[in-house]
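Chemist: To be precise about what I am sending: the file is called query15.csv and holds CSV, C-alpha atoms and all ligand atoms.
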chain,number,residue,atom,x,y,z
A,1,MET,CA,-161.1,-122.6,-83.6
A,2,PRO,CA,-161.0,-126.2,-82.3
A,3,GLY,CA,-164.4,-127.8,-82.7
A,4,GLU,CA,-165.4,-125.8,-85.8
A,5,SER,CA,-165.0,-128.8,-88.1
A,6,LEU,CA,-167.7,-130.7,-86.2
A,7,THR,CA,-171.4,-130.4,-86.9
A,8,PRO,CA,-173.6,-129.0,-84.1
A,9,ILE,CA,-175.2,-131.5,-81.8
A,10,PRO,CA,-178.9,-131.4,-82.6
A,11,GLN,CA,-180.5,-132.9,-79.5
A,12,GLY,CA,-181.0,-131.5,-76.0
A,13,PRO,CA,-178.9,-128.9,-74.1
A,14,VAL,CA,-175.7,-129.8,-72.4
A,15,LEU,CA,-175.4,-128.9,-68.7
A,16,VAL,CA,-171.8,-127.9,-67.8
A,17,THR,CA,-170.9,-128.1,-64.1
A,18,GLY,CA,-168.0,-125.9,-63.1
A,19,GLY,CA,-168.6,-124.1,-66.3
A,20,ALA,CA,-167.3,-120.8,-64.9
A,21,GLY,CA,-164.0,-122.3,-64.0
A,22,TYR,CA,-160.8,-122.4,-66.0
A,23,VAL,CA,-161.2,-125.4,-68.2
A,24,GLY,CA,-165.0,-125.4,-67.9
A,25,SER,CA,-165.4,-121.9,-69.2
A,26,HIS,CA,-163.2,-122.5,-72.2
A,27,ALA,CA,-165.3,-125.6,-73.0
A,28,VAL,CA,-168.5,-123.6,-72.7
A,29,ARG,CA,-167.3,-121.1,-75.2
A,30,VAL,CA,-166.1,-123.7,-77.6
A,31,LEU,CA,-169.4,-125.6,-77.4
A,32,HIS,CA,-171.4,-122.3,-77.7
A,33,ALA,CA,-169.3,-121.3,-80.7
A,34,ALA,CA,-170.0,-124.7,-82.3
A,35,GLY,CA,-173.8,-124.1,-82.0
A,36,VAL,CA,-174.3,-126.6,-79.1
A,37,PRO,CA,-177.0,-125.3,-76.6
A,38,VAL,CA,-175.3,-125.1,-73.2
A,39,ALA,CA,-176.3,-124.1,-69.6
A,40,VAL,CA,-173.9,-123.7,-66.7
A,41,LEU,CA,-174.1,-124.7,-63.1
A,42,ASP,CA,-171.4,-123.3,-60.9
A,43,ASN,CA,-171.1,-122.3,-57.2
A,44,LEU,CA,-168.7,-119.5,-58.1
A,45,SER,CA,-166.3,-120.6,-55.3
A,46,GLU,CA,-163.5,-120.6,-57.9
A,47,GLY,CA,-165.2,-119.7,-61.1
A,48,HIS,CA,-165.9,-116.3,-62.6
A,49,ARG,CA,-169.2,-115.1,-64.1
A,50,ASP,CA,-167.2,-112.9,-66.5
A,51,ALA,CA,-165.6,-116.0,-68.0
A,52,LEU,CA,-168.9,-116.8,-69.7
A,53,PRO,CA,-170.9,-115.4,-72.6
A,54,ARG,CA,-173.8,-113.5,-71.1
A,55,GLU,CA,-176.3,-115.3,-73.3
A,56,VAL,CA,-175.5,-118.7,-71.8
A,57,PRO,CA,-178.0,-119.6,-69.1
A,58,PHE,CA,-176.3,-119.6,-65.7
A,59,PHE,CA,-177.4,-121.3,-62.5
A,60,GLU,CA,-175.6,-120.7,-59.2
A,61,GLY,CA,-175.6,-123.9,-57.2
A,62,ASP,CA,-173.6,-126.4,-55.4
A,63,LEU,CA,-173.2,-130.2,-56.0
A,64,LEU,CA,-173.7,-130.7,-52.3
A,65,GLU,CA,-177.3,-129.4,-52.5
A,66,PRO,CA,-179.4,-132.2,-54.1
A,67,GLU,CA,-182.5,-130.1,-54.1
A,68,ARG,CA,-180.8,-127.4,-56.1
A,69,LEU,CA,-179.5,-130.0,-58.5
A,70,THR,CA,-183.1,-131.2,-59.0
A,71,GLU,CA,-184.3,-127.7,-59.7
A,72,VAL,CA,-181.6,-127.1,-62.2
A,73,MET,CA,-182.3,-130.4,-64.0
A,74,GLU,CA,-185.9,-129.5,-64.2
A,75,ALA,CA,-185.1,-126.0,-65.6
A,76,VAL,CA,-182.5,-127.2,-68.1
A,77,ARG,CA,-183.7,-130.7,-69.0
A,78,PRO,CA,-180.2,-131.7,-70.2
A,79,ARG,CA,-179.6,-134.6,-72.4
A,80,SER,CA,-175.9,-134.6,-71.5
A,81,ILE,CA,-173.6,-133.3,-68.8
A,82,LEU,CA,-170.0,-132.1,-68.8
A,83,HIS,CA,-168.8,-132.3,-65.2
A,84,PHE,CA,-165.9,-130.0,-64.4
A,85,ALA,CA,-166.9,-128.8,-60.9
A,86,ALA,CA,-164.4,-130.0,-58.4
A,87,LEU,CA,-161.7,-129.1,-55.9
A,88,CYS,CA,-158.4,-129.2,-57.7
A,89,TYR,CA,-155.4,-128.5,-55.5
A,90,VAL,CA,-153.2,-131.5,-54.7
A,91,GLY,CA,-151.6,-129.7,-51.7
A,92,ASP,CA,-155.0,-128.7,-50.2
A,93,SER,CA,-156.3,-132.2,-50.7
A,94,VAL,CA,-153.5,-133.5,-48.4
A,95,ARG,CA,-154.5,-131.0,-45.7
A,96,GLU,CA,-158.3,-131.5,-46.1
A,97,PRO,CA,-158.9,-135.0,-47.6
A,98,GLU,CA,-162.4,-135.2,-46.1
A,99,ARG,CA,-163.5,-132.0,-47.9
A,100,TYR,CA,-162.0,-133.3,-51.1
A,101,HIS,CA,-163.9,-136.6,-50.8
A,102,ARG,CA,-167.1,-134.8,-49.9
A,103,VAL,CA,-167.1,-132.5,-52.8
A,104,ASN,CA,-165.3,-134.5,-55.6
A,105,VAL,CA,-166.9,-137.9,-54.8
A,106,GLY,CA,-170.0,-137.1,-52.9
A,107,GLY,CA,-170.8,-134.2,-55.2
A,108,THR,CA,-170.4,-136.4,-58.3
A,109,ARG,CA,-172.6,-139.0,-56.6
A,110,ASN,CA,-175.3,-136.3,-56.1
A,111,LEU,CA,-175.0,-135.2,-59.7
A,112,VAL,CA,-175.2,-138.7,-61.1
A,113,GLU,CA,-178.3,-139.4,-59.1
A,114,ALA,CA,-179.9,-136.2,-60.3
A,115,ALA,CA,-178.9,-137.1,-63.8
A,116,ARG,CA,-180.5,-140.6,-63.5
A,117,VAL,CA,-183.8,-139.1,-62.4
A,118,ALA,CA,-183.7,-136.5,-65.1
A,119,GLY,CA,-183.0,-139.1,-67.8
A,120,VAL,CA,-179.5,-137.8,-68.8
A,121,GLN,CA,-177.8,-140.1,-71.3
A,122,GLU,CA,-174.2,-138.9,-71.7
A,123,PHE,CA,-171.7,-137.8,-69.1
A,124,VAL,CA,-168.2,-136.4,-69.8
A,125,PHE,CA,-166.0,-136.2,-66.7
A,126,SER,CA,-162.9,-134.2,-66.1
A,127,SER,CA,-160.5,-136.7,-64.7
A,128,THR,CA,-156.7,-136.4,-64.4
A,129,CYS,CA,-153.4,-138.0,-64.9
A,130,ALA,CA,-153.1,-137.8,-61.1
A,131,THR,CA,-155.2,-140.9,-60.9
A,132,TYR,CA,-152.2,-142.9,-62.2
A,133,GLY,CA,-149.8,-142.0,-59.4
A,134,VAL,CA,-146.1,-142.5,-59.9
A,135,PRO,CA,-145.6,-143.7,-63.5
A,136,GLU,CA,-144.0,-147.1,-64.0
A,137,ALA,CA,-142.8,-145.9,-67.4
A,138,LEU,CA,-143.4,-142.9,-69.8
A,139,PRO,CA,-145.4,-142.1,-71.8
A,140,LEU,CA,-148.5,-143.0,-69.7
A,141,GLY,CA,-151.1,-145.1,-71.4
A,142,GLU,CA,-154.7,-145.5,-70.2
A,143,ASP,CA,-154.0,-149.1,-69.2
A,144,HIS,CA,-151.3,-148.0,-66.7
A,145,PRO,CA,-152.4,-149.0,-63.1
A,146,GLN,CA,-154.4,-146.2,-61.3
A,147,ARG,CA,-152.7,-145.9,-58.0
A,148,PRO,CA,-153.0,-142.2,-57.0
A,149,ILE,CA,-150.6,-140.8,-54.4
A,150,SER,CA,-152.7,-137.8,-53.4
A,151,PRO,CA,-156.2,-137.5,-51.9
A,152,TYR,CA,-157.0,-135.3,-55.0
A,153,GLY,CA,-156.0,-138.1,-57.4
A,154,GLN,CA,-157.9,-140.6,-55.2
A,155,THR,CA,-161.1,-138.6,-55.3
A,156,LYS,CA,-161.0,-138.3,-59.1
A,157,LEU,CA,-160.4,-142.1,-59.3
A,158,ASP,CA,-163.3,-142.7,-57.0
A,159,ALA,CA,-165.5,-140.4,-59.0
A,160,GLU,CA,-164.6,-142.4,-62.1
A,161,GLY,CA,-165.8,-145.4,-60.2
A,162,VAL,CA,-169.2,-143.6,-59.5
A,163,LEU,CA,-169.6,-143.2,-63.2
A,164,GLU,CA,-168.6,-146.8,-64.0
A,165,GLU,CA,-171.3,-147.9,-61.6
A,166,ALA,CA,-173.9,-145.7,-63.3
A,167,ALA,CA,-172.8,-147.0,-66.7
A,168,ARG,CA,-173.2,-150.6,-65.6
A,169,GLY,CA,-176.3,-150.0,-63.4
A,170,TRP,CA,-178.5,-147.9,-65.7
A,171,GLY,CA,-176.7,-147.4,-69.0
A,172,LEU,CA,-175.3,-143.9,-68.6
A,173,ARG,CA,-172.8,-143.4,-71.4
A,174,ILE,CA,-169.6,-142.0,-69.9
A,175,ALA,CA,-166.3,-140.5,-70.9
A,176,ARG,CA,-163.4,-140.2,-68.4
A,177,LEU,CA,-161.0,-137.6,-69.9
A,178,ARG,CA,-157.7,-137.7,-68.0
A,179,TYR,CA,-156.0,-134.3,-68.4
A,180,PHE,CA,-152.3,-133.7,-68.2
A,181,ASN,CA,-151.3,-130.1,-67.5
A,182,ALA,CA,-154.1,-127.7,-68.6
A,183,ALA,CA,-152.5,-124.4,-69.7
A,184,GLY,CA,-152.9,-121.4,-72.1
A,185,ALA,CA,-155.7,-119.0,-72.7
A,186,ALA,CA,-158.3,-118.1,-75.3
A,187,PRO,CA,-156.6,-116.9,-78.5
A,188,GLY,CA,-156.3,-113.2,-78.3
A,189,GLY,CA,-156.2,-113.3,-74.5
A,190,ALA,CA,-159.8,-112.3,-73.7
A,191,HIS,CA,-160.2,-115.2,-71.3
A,192,GLY,CA,-157.7,-117.2,-69.3
A,193,GLU,CA,-156.5,-118.7,-66.0
A,194,ASP,CA,-157.4,-116.9,-62.8
A,195,HIS,CA,-156.9,-118.9,-59.6
A,196,GLN,CA,-156.8,-117.5,-56.2
A,197,PRO,CA,-154.2,-118.3,-54.9
A,198,GLU,CA,-152.3,-119.2,-58.0
A,199,THR,CA,-150.1,-122.3,-57.7
A,200,HIS,CA,-149.5,-123.3,-61.3
A,201,LEU,CA,-146.2,-122.9,-63.0
A,202,ILE,CA,-147.1,-121.0,-66.2
A,203,PRO,CA,-149.3,-118.3,-64.7
A,204,LEU,CA,-146.7,-117.8,-61.9
A,205,VAL,CA,-143.9,-117.5,-64.4
A,206,LEU,CA,-145.9,-114.9,-66.4
A,207,GLN,CA,-146.6,-113.0,-63.2
A,208,VAL,CA,-142.8,-112.8,-62.7
A,209,ALA,CA,-142.5,-111.4,-66.2
A,210,LEU,CA,-145.2,-108.8,-65.4
A,211,GLY,CA,-143.3,-107.8,-62.3
A,212,GLN,CA,-146.0,-109.0,-59.9
A,213,ARG,CA,-143.5,-111.5,-58.3
A,214,GLU,CA,-139.8,-111.3,-57.9
A,215,ARG,CA,-138.8,-114.8,-59.0
A,216,ILE,CA,-140.1,-118.2,-59.8
A,217,LEU,CA,-139.1,-121.0,-57.5
A,218,VAL,CA,-138.1,-124.2,-59.3
A,219,PHE,CA,-139.4,-127.1,-57.2
A,220,GLY,CA,-136.7,-129.7,-57.2
A,221,ALA,CA,-133.4,-129.6,-59.3
A,222,ASP,CA,-132.3,-133.2,-59.0
A,223,HIS,CA,-135.2,-135.2,-60.3
A,224,ALA,CA,-134.4,-138.0,-62.8
A,225,THR,CA,-135.0,-135.9,-65.9
A,226,ARG,CA,-132.8,-134.3,-68.6
A,227,ASP,CA,-132.1,-131.2,-66.6
A,228,GLY,CA,-133.1,-132.3,-63.1
A,229,THR,CA,-136.5,-130.4,-63.0
A,230,CYS,CA,-139.9,-131.9,-63.3
A,231,GLU,CA,-141.2,-132.7,-66.8
A,232,ARG,CA,-144.9,-132.2,-67.6
A,233,ASP,CA,-147.1,-132.5,-70.7
A,234,TYR,CA,-148.8,-129.1,-71.1
A,235,VAL,CA,-152.0,-129.0,-73.2
A,236,HIS,CA,-153.9,-125.9,-74.3
A,237,VAL,CA,-157.4,-125.4,-72.7
A,238,ASP,CA,-159.0,-124.9,-76.0
A,239,ASP,CA,-157.6,-128.2,-77.2
A,240,LEU,CA,-159.1,-129.8,-74.0
A,241,ALA,CA,-162.4,-128.1,-74.8
A,242,ASP,CA,-162.3,-129.5,-78.3
A,243,ALA,CA,-161.7,-133.0,-76.9
A,244,HIS,CA,-164.8,-132.7,-74.8
A,245,LEU,CA,-166.9,-131.8,-77.8
A,246,ARG,CA,-165.5,-134.8,-79.6
A,247,ALA,CA,-166.2,-137.1,-76.7
A,248,LEU,CA,-169.7,-135.8,-76.5
A,249,HIS,CA,-170.3,-136.6,-80.2
A,250,LEU,CA,-169.1,-140.1,-79.8
A,251,LEU,CA,-171.3,-140.8,-76.7
A,252,GLN,CA,-174.3,-139.2,-78.5
A,253,GLY,CA,-173.6,-141.5,-81.4
A,254,GLY,CA,-173.9,-144.5,-79.1
A,255,THR,CA,-170.4,-145.2,-77.8
A,256,ALA,CA,-170.8,-146.5,-74.2
A,257,ASP,CA,-167.6,-145.9,-72.4
A,258,ILE,CA,-164.5,-143.8,-73.1
A,259,ALA,CA,-161.3,-143.5,-71.0
A,260,CYS,CA,-158.8,-141.2,-72.7
A,261,ASN,CA,-155.7,-139.3,-71.8
A,262,LEU,CA,-155.5,-135.7,-73.0
A,263,GLY,CA,-151.9,-134.8,-73.5
A,264,THR,CA,-149.6,-134.0,-76.3
A,265,GLY,CA,-147.1,-136.8,-75.8
A,266,THR,CA,-144.3,-134.2,-75.4
A,267,GLY,CA,-143.0,-133.1,-72.1
A,268,HIS,CA,-141.3,-129.9,-71.0
A,269,THR,CA,-139.2,-129.4,-67.9
A,270,VAL,CA,-139.7,-126.5,-65.5
A,271,ARG,CA,-136.4,-124.9,-66.8
A,272,GLU,CA,-137.6,-125.3,-70.4
A,273,VAL,CA,-140.9,-123.6,-69.6
A,274,ILE,CA,-139.1,-120.7,-67.9
A,275,GLU,CA,-136.7,-120.4,-70.8
A,276,ALA,CA,-139.5,-120.4,-73.4
A,277,ALA,CA,-141.4,-117.8,-71.3
A,278,ARG,CA,-138.3,-115.6,-71.4
A,279,PHE,CA,-138.2,-115.8,-75.1
A,280,VAL,CA,-142.0,-115.2,-75.5
A,281,THR,CA,-142.2,-112.3,-73.1
A,282,GLY,CA,-138.8,-110.7,-73.6
A,283,HIS,CA,-138.4,-110.5,-69.8
A,284,ALA,CA,-135.5,-111.9,-67.7
A,285,ILE,CA,-137.8,-114.0,-65.3
A,286,PRO,CA,-135.4,-114.6,-62.4
A,287,SER,CA,-135.6,-118.1,-61.0
A,288,GLU,CA,-134.3,-119.9,-57.9
A,289,ASP,CA,-133.9,-123.5,-57.1
A,290,ALA,CA,-136.1,-124.7,-54.2
A,291,PRO,CA,-136.8,-128.1,-52.5
A,292,ALA,CA,-138.9,-130.5,-54.5
A,293,ARG,CA,-142.7,-130.3,-53.8
A,294,GLU,CA,-144.0,-133.3,-52.0
A,295,GLY,CA,-145.8,-135.8,-54.2
A,296,ASP,CA,-144.5,-134.4,-57.5
A,297,PRO,CA,-143.5,-137.3,-59.8
A,298,ALA,CA,-140.4,-136.4,-61.9
A,299,GLY,CA,-142.2,-136.9,-65.2
A,300,LEU,CA,-145.8,-137.0,-66.4
A,301,VAL,CA,-146.2,-137.3,-70.1
A,302,ALA,CA,-149.2,-138.8,-71.9
A,303,ASP,CA,-149.4,-141.5,-74.4
A,304,GLY,CA,-152.0,-139.6,-76.5
A,305,ARG,CA,-152.6,-142.2,-79.2
A,306,ARG,CA,-156.0,-143.3,-78.0
A,307,ALA,CA,-157.4,-139.7,-78.0
A,308,ARG,CA,-156.1,-139.3,-81.5
A,309,SER,CA,-157.6,-142.6,-82.8
A,310,LEU,CA,-160.8,-142.7,-80.8
A,311,LEU,CA,-161.7,-139.0,-80.6
A,312,GLY,CA,-160.0,-137.9,-83.8
A,313,TRP,CA,-158.4,-135.3,-81.6
A,314,SER,CA,-155.2,-133.6,-82.5
A,315,PRO,CA,-154.0,-130.7,-80.3
A,316,ARG,CA,-153.7,-127.5,-82.4
A,317,ARG,CA,-152.6,-124.8,-80.0
A,318,SER,CA,-150.6,-127.0,-77.6
A,319,SER,CA,-147.0,-126.2,-78.6
A,320,LEU,CA,-145.3,-124.6,-75.6
A,321,GLU,CA,-144.7,-121.4,-77.5
A,322,GLN,CA,-148.4,-121.1,-78.5
A,323,ILE,CA,-149.6,-121.8,-75.0
A,324,LEU,CA,-147.2,-119.2,-73.6
A,325,GLU,CA,-148.2,-116.6,-76.2
A,326,ASP,CA,-151.9,-117.0,-75.5
A,327,ALA,CA,-151.4,-117.0,-71.8
A,328,TRP,CA,-149.1,-114.0,-72.0
A,329,ALA,CA,-151.7,-112.1,-74.0
A,330,TRP,CA,-154.3,-112.8,-71.3
A,331,HIS,CA,-152.0,-111.9,-68.4
A,332,GLN,CA,-150.9,-108.6,-70.0
A,333,ALA,CA,-154.5,-107.6,-70.8
A,334,HIS,CA,-155.8,-108.8,-67.4
A,335,PRO,CA,-153.0,-108.4,-64.8
A,336,SER,CA,-155.5,-109.0,-62.0
A,337,GLY,CA,-157.5,-111.7,-63.8
A,338,TYR,CA,-161.2,-111.3,-64.0
A,339,GLY,CA,-161.1,-108.7,-61.3
A,340,GLU,CA,-160.2,-106.2,-64.0
A,341,ALA,CA,-162.1,-107.8,-66.9
B,401,LIG,N1,-143.6,-125.8,-60.3
B,401,LIG,C1,-142.5,-125.1,-59.9
B,401,LIG,N2,-142.6,-123.9,-59.3
B,401,LIG,C2,-143.9,-123.4,-59.0
B,401,LIG,C3,-145.0,-124.1,-59.4
B,401,LIG,C4,-144.8,-125.3,-60.0
B,401,LIG,O1,-141.3,-125.5,-60.1
B,401,LIG,O2,-143.9,-122.3,-58.4
B,401,LIG,C5,-143.4,-127.1,-60.9
B,401,LIG,C6,-144.1,-128.3,-60.2
B,401,LIG,O3,-143.3,-128.9,-59.3
B,401,LIG,C7,-144.5,-129.2,-61.4
B,401,LIG,C8,-144.6,-128.2,-62.6
B,401,LIG,O4,-144.0,-127.0,-62.2
B,401,LIG,O5,-143.4,-130.0,-61.7
B,401,LIG,C9,-146.1,-128.0,-62.9
B,401,LIG,O6,-146.8,-127.6,-61.7
B,401,LIG,P1,-148.2,-127.1,-61.7
B,401,LIG,O7,-148.6,-126.8,-60.3
B,401,LIG,O8,-148.4,-126.1,-62.8
B,401,LIG,O9,-149.1,-128.4,-62.2
B,401,LIG,P2,-149.2,-129.9,-61.7
B,401,LIG,O10,-148.1,-130.6,-62.4
B,401,LIG,O11,-148.9,-129.8,-60.2
B,401,LIG,O12,-150.5,-130.3,-62.0
Before anything else, please render the file you have as structure tokens.

Modeler:
Amino acid sequence: MPGESLTPIPQGPVLVTGGAGYVGSHAVRVLHAAGVPVAVLDNLSEGHRDALPREVPFFEGDLLEPERLTEVMEAVRPRSILHFAALCYVGDSVREPERYHRVNVGGTRNLVEAARVAGVQEFVFSSTCATYGVPEALPLGEDHPQRPISPYGQTKLDAEGVLEEAARGWGLRIARLRYFNAAGAAPGGAHGEDHQPETHLIPLVLQVALGQRERILVFGADHATRDGTCERDYVHVDDLADAHLRALHLLQGGTADIACNLGTGTGHTVREVIEAARFVTGHAIPSEDAPAREGDPAGLVADGRRARSLLGWSPRRSSLEQILEDAWAWHQAHPSGYGEA
């Protein structure tokens, strides 16, 4: 399992916000398995209690309730925070930008203030390649200008700014980890992706394979890519989790500020994903071309060299086939997600 090669972190528990969500819960399990003491704060608006080991302390609470944050800090007394809790739908963010700013930026501000009072020293933040906007060239390096084209991307960039202020202002050590496309499921399929409603390509494709949907719509067939469909850099959630553990080690060792892309450096088009899913599942998976989705750049592929050199991170389960195999195991075992866990 990713993370096993690292020695457990000796000092202070790690508070994981959004730890019942998709990426957060995988990170909690990887940290827990590596012997790192963790506690979870989640408002369960999107997350699932069943995604977490029962023995991990769980606090229900919202980033918009500062008093609750204070209570949780006093109960957990964390040395470090991994901050996953956020609203994450680009489309929703266009319709409800104020809510996205309130939760993603205001919530992060509340959390950082509570962290300052509690004496938290390290803070690892789930950021996104959506902070870059439309790429000037691929692959995308960390020094690419950050000019988001969606309110979602803007809120994540603003939250990065909140952390930079705290780093400068009172010495919080920070990591901004900019994910490309999180995908996959725990090996064996006991845990995986369960969004309501589901909007992401891989779970939707697998729902077609399961017969839960008739076809997959391909958003845009004349993008400037090798087959006209959007190209994305899919990275396995357990590899993302491993990168968080590595970032935490570096910060706890004294590194002040990390900004890293988390992607494999290899892109796959929508048609390639569908074709690979046909191969992995053995199902036909009908597809139909549909208009491009607004705000979708043609290609998003990471330059992942900094994560490799700085974090010593190398994705282990992020081949497209492995991602699909793990996700397929999860979807087959849990056709209604955690509702049937
Ligand atoms: N996509 C698609 N059909 C769908 C859902 C997604 O063609 O039903 C495409 C989408 O346009 C994007 C890629 O699949 O190019 C990945 O989309 P997803 O929503 O999974 O992640 P995003 O790239 O938006 O973070």

Chemist: Pick out the residues sitting within 12 Å of Arg278 (chain A), and hand them over as a list in words; count all atoms listed in the file, and ignore anything fewer than 3 positions along from it in its own chain.

Modeler: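 Once the nearby chain positions are removed, what remains is Ile202, Val205, Leu206, Gln207, Val208, Ala209, Leu210, Arg271, Glu272, Val273, Ile274, Glu275, Thr281, Gly282, His283, Ala284, Ile285, Pro286, Ser287, Glu321, Leu324, Glu325 and Trp328 of chain A.
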
Chemist: Distance cut-off 6 Å, centre (-164.8, -115.7, -66.2) in file coordinates, counting all atoms listed in the file: which residues qualify? Return them as a PyMOL selection string.

Modeler: chain A and resi 20+48-52

Chemist: Within 9 Å of (-152.9, -141.1, -72.5) in the file's own coordinates, which protein, DNA or RNA residues have an atom, counting all atoms listed in the file? List them as a list in words.

Modeler: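 Residues satisfying the cut-off, written out: Cys129, Pro139, Leu140, Gly141, Glu142, Asp143, Arg178, Tyr179, Phe180, Ala259, Cys260, Asn261, Leu262, Gly263, Thr264, Gly265, Val301, Ala302, Asp303, Gly304, Arg305, Arg306 and Ala307 of chain A.
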
Chemist: Mind listing the residues within 9 Å of ligand LIG 401 (chain B), all atoms listed in the file counted, as a PyMOL selection string?

Modeler: chain A and resi 89-91+129-130+180-183+198-205+216-221+229-234+269-271+273+289-290+292-300

Chemist: Fewer than 5 positions away in the same chain doesn't count, so skip those; otherwise give me all residues within 7 Å of Leu63 (chain A), counting only C-alpha atoms, as a list in words.

Modeler: Leu69, Gly107, Asn110 and Leu111 of chain A

Chemist: Fewer than 2 positions away in the same chain doesn't count, so skip those; otherwise give me all residues within 8 Å of region 238-253 of chain A, counting all atoms listed in the file, as a PyMOL selection string.

Modeler: chain A and resi 2-3+9+23-24+26-28+30-31+82+122-124+173-175+177+179+182+185-186+235-236+255-258+262+311-318

Chemist: Take the residues from that selection and put them in a file with C-alpha atoms, as a tab-separated table (two decimals), in the coordinates of the input.

Modeler:
chain	number	residue	atom	x	y	z
A	2	PRO	CA	-161.00	-126.20	-82.30
A	3	GLY	CA	-164.40	-127.80	-82.70
A	9	ILE	CA	-175.20	-131.50	-81.80
A	23	VAL	CA	-161.20	-125.40	-68.20
A	24	GLY	CA	-165.00	-125.40	-67.90
A	26	HIS	CA	-163.20	-122.50	-72.20
A	27	ALA	CA	-165.30	-125.60	-73.00
A	28	VAL	CA	-168.50	-123.60	-72.70
A	30	VAL	CA	-166.10	-123.70	-77.60
A	31	LEU	CA	-169.40	-125.60	-77.40
A	82	LEU	CA	-170.00	-132.10	-68.80
A	122	GLU	CA	-174.20	-138.90	-71.70
A	123	PHE	CA	-171.70	-137.80	-69.10
A	124	VAL	CA	-168.20	-136.40	-69.80
A	173	ARG	CA	-172.80	-143.40	-71.40
A	174	ILE	CA	-169.60	-142.00	-69.90
A	175	ALA	CA	-166.30	-140.50	-70.90
A	177	LEU	CA	-161.00	-137.60	-69.90
A	179	TYR	CA	-156.00	-134.30	-68.40
A	182	ALA	CA	-154.10	-127.70	-68.60
A	185	ALA	CA	-155.70	-119.00	-72.70
A	186	ALA	CA	-158.30	-118.10	-75.30
A	235	VAL	CA	-152.00	-129.00	-73.20
A	236	HIS	CA	-153.90	-125.90	-74.30
A	255	THR	CA	-170.40	-145.20	-77.80
A	256	ALA	CA	-170.80	-146.50	-74.20
A	257	ASP	CA	-167.60	-145.90	-72.40
A	258	ILE	CA	-164.50	-143.80	-73.10
A	262	LEU	CA	-155.50	-135.70	-73.00
A	311	LEU	CA	-161.70	-139.00	-80.60
A	312	GLY	CA	-160.00	-137.90	-83.80
A	313	TRP	CA	-158.40	-135.30	-81.60
A	314	SER	CA	-155.20	-133.60	-82.50
A	315	PRO	CA	-154.00	-130.70	-80.30
A	316	ARG	CA	-153.70	-127.50	-82.40
A	317	ARG	CA	-152.60	-124.80	-80.00
A	318	SER	CA	-150.60	-127.00	-77.60

Chemist: Between CA of Tyr132 (chain A) and CA of Arg176 (chain A), what is the distance in Å, rounded to a tenth?

Modeler: 13.1 Å

Chemist: Could you tell me how far CA of Tyr22 (chain A) sits from CA of His191 (chain A), in Å to one decimal place?

Modeler: 9.0 Å

Chemist: Of the candidates A:Arg116, A:Arg68, A:His195, A:His334, which shows the shortest atom-to-atom distance to Ala166 (chain A), using all atoms listed in the file?

Modeler: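 Of A:Arg116, A:Arg68, A:His195, A:His334, the one nearest Ala166 (chain A) is A:Arg116, counting all atoms listed in the file.
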